[in-house]
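Student: Below is the structure I would like to discuss, written out as structure tokens.
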Amino acid sequence: MKYVLRALKWATIILWICFISLISTIVYSAANVRVKIEEAKTFTEDNKLILAIPFTIINNGLHDISNLNFTTIITDEKNQLLAKSVNLIIIIPKKEETTIWHNISLNIQEIINDQNYIFEDSNFTLLNNVSLNFAGVVPFTASNNLTMPWGAPLYNFTVGEPNFQVVNTTTSIASFNVSFENHSPYINLEGRLKIEIFNENEEPLGTTYETINVPSNSFYEKTLSVYVETQKITSSGHINFTFETSTFSFGPLVKPYGSEE
Amino acid sequence: MEVKNKILVKSILLRTLKAGIKAFLIYVAYVIFLLLTKPIYNFVGQYSQFIDVFFITILIFTFISELSSGTIYQYMFSFSRELFIIFYFINVLNGGAIRMNVENVEFSVNLQFFILVLILMGVLGMARNTLGAINFLNEKSEEEIVKDYF
């Protein structure tokens, strides 16, 4: 019995020493992991707004970090998924560092297709989740919710009543004010605006193209002029606006004039 | 009779000294733990009360069981200490799943592996104490038989 007791005593002591050593090294290692987040880069590509965030993880600890998973989910106010980005690193060995680019790709064209988001400001929800397995025995997760403001690129889009000025018997000039605010912090409106005027019989009166360059968080106001056929002018009709920019295409946006509803 | 008393006093003093040394070692372990966890105090800070209670209880149990060594109470206290470790950790660590919120970031750590190891070590300790108590009673009865015989 004495030998058994002695063996059990030593087994317990050894197990406790191993256990305390493991906890100590894990705590020490966790305290020595450094995460550097460098400046994020934003650029557009194929109608997509890409937010690229470089992360550098320096594992100065005594244990490996495994199954490191970065997930970012962007949802709108209706809780619809707008973007999802996942980065998975199988292992970051001890005393090594790893840099990853976490790219969040937001399809501007899809968002713009929802007319609310082109004319109305909103708030998107950005859910970040990081999970990893430390030393192979400690699964760890960190997550947070952020509000991402969405600014409407054509906020308060207003078209004034057209004023027709007769140039000669066949041609007139239709002039009207167009104004809007680009509230988007991400999108610079660079491209062209196609303007088509129709009379009440749906006959085209004239078309023109206007080059636009409206940086983010700026105001646009201009009196636009379109040459139209004098004979076809009616007291009412509608003006169609089509935006073709580097980040998205939108239109035609129909704005009635005169008494047309 | 005087010699017997002297031996008894000496034995009590020796046991108290041994218990004191063991308690001091536990205190040193506590200080080392605090130093090690200083960089992540934000993370473990809210558990500081539980950590303090744990170390104080272990210290008291160790002191008492060491003081009562050579009696059946030693095994009783040691057994209780192991049982306390198991239930205390299961309760405090919420079964191994810890969640906390620091500056709008929710952290969750799964410590089930540690709970499992602690339970195993606790069970091992309890088995050792039970066997120790059986052995102690056995030796005691043997001594009495021998005493009666002579």
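We label chains A, B, ... in the order they appear in the structure tokens, count residues from 1 in each chain, and number ligands from 1 in the order shown.
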Got a sec: who's within 8 Å of segment 117-119 of chain B, counting only C-alpha atoms, leaving out chain neighbours fewer than 4 positions off, as a ChimeraX atom specification?

Tutor: /A:19 /B:85-86,113,123

Student: Just asking: which residues within chain B are strand (DSSP E or B) according to DSSP, as number ranges by chain?

Tutor: B: 97-102, 105-110

Student: Using only C-alpha atoms, which of the listed residues (A:Leu146, A:Ile173, A:Ile58, A:Val254) sits closest to chain B?

Tutor: A:Leu146

Student: Residues of chain A no more than 6 Å from chain B, counting only C-alpha atoms: send them over as a PyMOL selection string.

Tutor: chain A and resi 138-144

Student: Any idea what's packed within 12 Å of Leu34 of chain B, counting only C-alpha atoms, ignoring anything in its chain fewer than 3 positions away? Could you give it as a ChimeraX atom specification?

Tutor: /A:24,27-28 /B:27-31,37-41,44-45,47-48,51-52,55

Student: Quick one: everything within 9 Å of Ile212 of chain A, counting only C-alpha atoms, minus sequence neighbours fewer than 2 positions away in the same chain. Send it as a PyMOL selection string.

Tutor: chain A and resi 189-193+210+214+220+245

Student: How about saving the chosen residues, C-alpha atoms kept, as a compact mmCIF listing (two decimals), in the first residue's frame?

Tutor:
# COMPACT_ATOMS: atom_id res chain seq x y z
CA LEU A 189 -19.13 60.03 -58.53
CA GLU A 190 -16.99 60.19 -61.64
CA GLY A 191 -18.52 59.44 -64.99
CA ARG A 192 -21.29 60.71 -67.13
CA LEU A 193 -24.95 61.45 -66.80
CA GLU A 210 -23.06 65.54 -68.98
CA VAL A 214 -18.75 64.80 -57.50
CA TYR A 220 -23.66 69.16 -56.87
CA THR A 245 -19.96 56.06 -63.16

Student: From a DSSP calculation on the backbone, collect every residue of segment 28-219 of chain A in alpha helix (DSSP H) and output the set as a PDB file with N, CA and C atoms, in the first residue's frame.

Tutor:
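Listed below is the output, selection.pdb:
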ATOM      1  N   TYR A  28       1.717  33.518 -20.395  1.00  0.00           N
ATOM      2  CA  TYR A  28       2.872  34.292 -20.862  1.00  0.00           C
ATOM      3  C   TYR A  28       2.796  34.470 -22.387  1.00  0.00           C
ATOM      4  N   SER A  29       2.474  33.381 -23.081  1.00  0.00           N
ATOM      5  CA  SER A  29       2.417  33.436 -24.547  1.00  0.00           C
ATOM      6  C   SER A  29       1.303  34.364 -25.018  1.00  0.00           C
ATOM      7  N   ALA A  30       0.144  34.258 -24.372  1.00  0.00           N
ATOM      8  CA  ALA A  30      -0.994  35.108 -24.774  1.00  0.00           C
ATOM      9  C   ALA A  30      -0.646  36.580 -24.579  1.00  0.00           C
ATOM     10  N   ALA A  31       0.100  36.864 -23.522  1.00  0.00           N
ATOM     11  CA  ALA A  31       0.471  38.257 -23.260  1.00  0.00           C
ATOM     12  C   ALA A  31       1.509  38.755 -24.262  1.00  0.00           C
ATOM     13  N   ILE A 108     -21.190  47.518 -54.769  1.00  0.00           N
ATOM     14  CA  ILE A 108     -21.902  48.804 -54.793  1.00  0.00           C
ATOM     15  C   ILE A 108     -23.116  48.727 -55.725  1.00  0.00           C
ATOM     16  N   GLN A 109     -22.929  48.033 -56.859  1.00  0.00           N
ATOM     17  CA  GLN A 109     -24.023  47.945 -57.833  1.00  0.00           C
ATOM     18  C   GLN A 109     -25.267  47.303 -57.212  1.00  0.00           C
ATOM     19  N   GLU A 110     -25.053  46.242 -56.422  1.00  0.00           N
ATOM     20  CA  GLU A 110     -26.188  45.566 -55.774  1.00  0.00           C
ATOM     21  C   GLU A 110     -26.870  46.474 -54.760  1.00  0.00           C
ATOM     22  N   ILE A 111     -26.062  47.247 -54.045  1.00  0.00           N
ATOM     23  CA  ILE A 111     -26.633  48.154 -53.029  1.00  0.00           C
ATOM     24  C   ILE A 111     -27.390  49.286 -53.721  1.00  0.00           C
ATOM     25  N   ILE A 112     -26.795  49.779 -54.782  1.00  0.00           N
ATOM     26  CA  ILE A 112     -27.397  50.896 -55.510  1.00  0.00           C
ATOM     27  C   ILE A 112     -28.735  50.474 -56.135  1.00  0.00           C
ATOM     28  N   ASN A 113     -28.819  49.188 -56.529  1.00  0.00           N
ATOM     29  CA  ASN A 113     -30.065  48.717 -57.138  1.00  0.00           C
ATOM     30  C   ASN A 113     -31.258  48.856 -56.198  1.00  0.00           C
ATOM     31  N   GLN A 115     -33.207  51.240 -54.394  1.00  0.00           N
ATOM     32  CA  GLN A 115     -33.303  52.699 -54.541  1.00  0.00           C
ATOM     33  C   GLN A 115     -33.214  53.448 -53.211  1.00  0.00           C
ATOM     34  N   ASN A 116     -33.564  52.769 -52.125  1.00  0.00           N
ATOM     35  CA  ASN A 116     -33.458  53.442 -50.816  1.00  0.00           C
ATOM     36  C   ASN A 116     -32.040  53.899 -50.545  1.00  0.00           C
ATOM     37  N   TYR A 117     -31.100  53.027 -50.920  1.00  0.00           N
ATOM     38  CA  TYR A 117     -29.713  53.315 -50.563  1.00  0.00           C
ATOM     39  C   TYR A 117     -29.069  54.345 -51.483  1.00  0.00           C
ATOM     40  N   ILE A 118     -29.643  54.591 -52.639  1.00  0.00           N
ATOM     41  CA  ILE A 118     -29.053  55.615 -53.512  1.00  0.00           C
ATOM     42  C   ILE A 118     -29.542  57.012 -53.120  1.00  0.00           C
ATOM     43  N   PHE A 119     -30.739  57.062 -52.520  1.00  0.00           N
ATOM     44  CA  PHE A 119     -31.288  58.385 -52.164  1.00  0.00           C
ATOM     45  C   PHE A 119     -31.325  58.640 -50.656  1.00  0.00           C
TER      46      PHE A 119
END

Student: Can you pull out every residue within 6 Å of Ala174 of chain A, counting only C-alpha atoms, but drop anything in the same chain fewer than 4 positions away, and send it as a list in words?

Tutor: Pro162, Asn163, Phe164, Ser225 and Val226 of chain A

Student: Set the distance at 7 Å and use only C-alpha atoms: which residues neighbour Phe180 of chain A once local chain neighbours fewer than 6 positions away are removed? I'd like the list as a ChimeraX atom specification.

Tutor: /A:154-158,219-221

Student: Using the selection just defined, write its residues with N, CA and C atoms as a short mmCIF file (atom, residue, chain, number, x, y, z; two decimals), in the first residue's frame.

Tutor:
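What ended up in again.cif:
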data_model
loop_
_atom_site.label_atom_id
_atom_site.label_comp_id
_atom_site.auth_asym_id
_atom_site.auth_seq_id
_atom_site.Cartn_x
_atom_site.Cartn_y
_atom_site.Cartn_z
N LEU A 154 -26.78 59.95 -54.07
CA LEU A 154 -27.66 60.94 -54.74
C LEU A 154 -28.69 61.46 -53.74
N TYR A 155 -28.21 61.84 -52.60
CA TYR A 155 -29.12 62.29 -51.54
C TYR A 155 -29.82 63.58 -51.99
N ASN A 156 -31.12 63.63 -51.75
CA ASN A 156 -31.94 64.81 -52.08
C ASN A 156 -31.80 65.20 -53.56
N PHE A 157 -31.91 64.22 -54.44
CA PHE A 157 -31.83 64.48 -55.89
C PHE A 157 -33.06 65.28 -56.34
N THR A 158 -32.81 66.48 -56.79
CA THR A 158 -33.92 67.38 -57.13
C THR A 158 -33.74 67.89 -58.55
N PHE A 219 -21.46 68.64 -52.66
CA PHE A 219 -22.76 69.04 -53.18
C PHE A 219 -22.64 69.29 -54.68
N TYR A 220 -23.66 68.92 -55.42
CA TYR A 220 -23.66 69.16 -56.87
C TYR A 220 -24.90 69.96 -57.22
N GLU A 221 -24.69 71.02 -57.96
CA GLU A 221 -25.83 71.81 -58.46
C GLU A 221 -25.42 72.41 -59.78
#

Student: Can you pull out every residue within 8 Å of segment 35-45 of chain A, counting only C-alpha atoms, but drop anything in the same chain fewer than 3 positions away, and send it as a list in words?

Tutor: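 With the cut-off at 8 Å, the set is Lys48, Leu49, Ile50, Leu51, Ala52, Ile53, Pro54, Phe55, Thr56, Ile57, Ile58, Tyr186 and Thr247 of chain A.
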